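Below: one structure, written as structure tokens.
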Amino acid sequence: MKNFILAVLLFASTAAFAAPFCAVFSYGTQCYYYDMDSCRSAAGNLGACIINQEEVKQPSGGAPFCVVTSYATQCWYYDAQSCRETAFSSGGTCVVNTNR
């Protein structure tokens with residue numbers, strides 16, 4: 001019983017601090033990263049990085065491309081290149097706006 005309670009508390013504390021970027025490996029997912037660069041570093045050649053859909057902020061703007069960061073999802077970009085440049089300089093990633 002003691003181990004069960006510890007496991008529940010550990011899961012609850014992990015979920016409470018989930019970050020917007022997750023490193024995905026064959027053995028599981030780690031959502032601890034607040035910028036894409038640190039996620040990519042952690043994933044290395046053994047994993048990949050994805051956006052944590054449970055933590056991503058609601059998008060603002062209606063352009064075709066969005067920059068996702070730990071603090072916002074900004075769909076203000078009409079071309080992929082400017083989206084990627086902004087994402088790179090802000091520690092985020094550029095994604096296609098699926099809400100259009």
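Every chain in the structure tokens takes a letter, A first, then B, and so on in the order presented; its residues are numbered from 1, and the ligands are numbered from 1 following the presented order.
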
Polymer residues at most 12 Å from Ser89 in chain A, only C-alpha atoms, same-chain spacing of 5 or more positions, as a list of chain:residue names:
A:Asp35, A:Met36, A:Asp37, A:Val67, A:Val68, A:Thr69, A:Ser82, A:Cys83, A:Arg84, A:Cys94

Selected residues written out with C-alpha atoms, as a tab-separated table (two decimals), in the first residue's frame:
```tsv
chain	number	residue	atom	x	y	z
A	35	ASP	CA	12.41	24.74	-25.04
A	36	MET	CA	12.94	22.65	-28.13
A	37	ASP	CA	16.76	22.79	-27.97
A	67	VAL	CA	5.44	29.16	-33.35
A	68	VAL	CA	4.96	27.02	-30.24
A	69	THR	CA	6.94	28.04	-27.15
A	82	SER	CA	9.86	33.27	-41.08
A	83	CYS	CA	8.10	30.84	-38.74
A	84	ARG	CA	11.23	28.66	-38.46
A	94	CYS	CA	7.29	25.89	-36.02
```

Contact residues around Tyr78 in chain A with only C-alpha atoms at 8 Å, ignoring same-chain residues under 6 positions, as a list in words:
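The residues that qualify are Ala63, Pro64 and Phe65 of chain A.
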
Create the file for the chosen residues now, containing N, CA and C atoms and written as a compact mmCIF listing (two decimals), in the first residue's frame.
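Okay, this is what ended up in again.txt:
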```txt
# COMPACT_ATOMS: atom_id res chain seq x y z
N ALA A 63 -2.95 32.59 -39.06
CA ALA A 63 -2.05 32.33 -40.19
C ALA A 63 -1.76 30.83 -40.29
N PRO A 64 -1.22 30.39 -41.44
CA PRO A 64 -1.01 28.96 -41.66
C PRO A 64 0.09 28.32 -40.81
N PHE A 65 1.02 29.12 -40.27
CA PHE A 65 2.12 28.56 -39.49
C PHE A 65 2.15 29.16 -38.09
```

Within 10 Å of Ala43 in chain A, counting only C-alpha atoms, which residues qualify if same-chain residues fewer than 6 places away don't, as number ranges by chain?
A: 22-25, 30, 37, 49

Out of range 31-76 of chain A, which residues get strand (DSSP E) from DSSP, as an mmCIF file with C-alpha atoms, in the first residue's frame?
```
data_model
loop_
_atom_site.group_PDB
_atom_site.id
_atom_site.type_symbol
_atom_site.label_atom_id
_atom_site.label_comp_id
_atom_site.auth_asym_id
_atom_site.auth_seq_id
_atom_site.Cartn_x
_atom_site.Cartn_y
_atom_site.Cartn_z
ATOM 1 C CA CYS A 31 7.727 15.842 -20.834
ATOM 2 C CA TYR A 32 10.282 17.904 -18.917
ATOM 3 C CA TYR A 33 11.450 20.426 -21.520
ATOM 4 C CA ALA A 48 12.591 12.504 -30.964
ATOM 5 C CA CYS A 49 10.809 15.592 -29.661
ATOM 6 C CA ILE A 50 7.111 16.302 -29.863
ATOM 7 C CA ILE A 51 4.773 18.991 -28.590
ATOM 8 C CA PRO A 59 -3.285 29.457 -30.457
ATOM 9 C CA SER A 60 -3.610 33.148 -31.195
ATOM 10 C CA PHE A 65 2.124 28.557 -39.492
ATOM 11 C CA CYS A 66 2.495 28.748 -35.702
ATOM 12 C CA VAL A 67 5.442 29.164 -33.350
ATOM 13 C CA VAL A 68 4.965 27.022 -30.238
ATOM 14 C CA THR A 73 1.254 29.428 -29.518
ATOM 15 C CA GLN A 74 1.371 32.250 -32.048
ATOM 16 C CA CYS A 75 -0.156 31.575 -35.473
ATOM 17 C CA TRP A 76 1.046 34.786 -37.072
#
```

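Our summary of the geometry notes that CA of Ala87 in chain A is positioned 25.9 Å from CA of Gly28 in chain A.
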
Those of chain A in DSSP helix (DSSP H, G or I), formatted as an mmCIF file with C-alpha atoms, in the first residue's frame:
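selection_29.cif, written as the output of this step:
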```cif
data_model
loop_
_atom_site.group_PDB
_atom_site.id
_atom_site.type_symbol
_atom_site.label_atom_id
_atom_site.label_comp_id
_atom_site.auth_asym_id
_atom_site.auth_seq_id
_atom_site.Cartn_x
_atom_site.Cartn_y
_atom_site.Cartn_z
ATOM 1 C CA LYS A 2 2.844 2.349 0.872
ATOM 2 C CA ASN A 3 4.412 1.834 -2.576
ATOM 3 C CA PHE A 4 1.069 2.472 -4.258
ATOM 4 C CA ILE A 5 0.625 5.801 -2.453
ATOM 5 C CA LEU A 6 4.187 6.792 -3.340
ATOM 6 C CA ALA A 7 3.555 5.939 -7.003
ATOM 7 C CA VAL A 8 0.348 7.995 -7.065
ATOM 8 C CA LEU A 9 2.082 10.989 -5.487
ATOM 9 C CA LEU A 10 4.994 10.711 -7.895
ATOM 10 C CA PHE A 11 2.648 10.576 -10.893
ATOM 11 C CA ALA A 12 0.631 13.542 -9.628
ATOM 12 C CA SER A 13 3.732 15.652 -9.094
ATOM 13 C CA THR A 14 5.093 14.734 -12.542
ATOM 14 C CA ALA A 15 1.794 15.609 -14.219
ATOM 15 C CA ALA A 16 1.602 18.933 -12.391
ATOM 16 C CA MET A 36 12.944 22.645 -28.131
ATOM 17 C CA ASP A 37 16.756 22.793 -27.966
ATOM 18 C CA SER A 38 16.940 21.157 -24.539
ATOM 19 C CA CYS A 39 14.428 18.538 -25.682
ATOM 20 C CA ARG A 40 16.491 17.729 -28.778
ATOM 21 C CA SER A 41 19.661 17.528 -26.677
ATOM 22 C CA ALA A 42 18.005 15.090 -24.290
ATOM 23 C CA ALA A 43 16.544 12.993 -27.107
ATOM 24 C CA ALA A 80 7.410 28.616 -43.198
ATOM 25 C CA GLN A 81 10.818 30.326 -43.313
ATOM 26 C CA SER A 82 9.864 33.270 -41.084
ATOM 27 C CA CYS A 83 8.099 30.844 -38.738
ATOM 28 C CA ARG A 84 11.228 28.659 -38.459
ATOM 29 C CA GLU A 85 13.477 31.688 -37.892
ATOM 30 C CA THR A 86 11.268 33.019 -35.104
ATOM 31 C CA ALA A 87 10.946 29.564 -33.555
ATOM 32 C CA PHE A 88 14.716 29.104 -33.585
ATOM 33 C CA SER A 89 15.367 32.459 -31.906
ATOM 34 C CA SER A 90 12.690 31.881 -29.245
#
```

What is the distance, in Å and to one decimal place, between CA of Ser70 in chain A and CA of Phe21 in chain A?
8.0 Å

Å distance separating CA of Gly44 in chain A from CA of Thr98 in chain A, one decimal place
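Taking CA of Gly44 in chain A and CA of Thr98 in chain A, their separation equals 27.6 Å.
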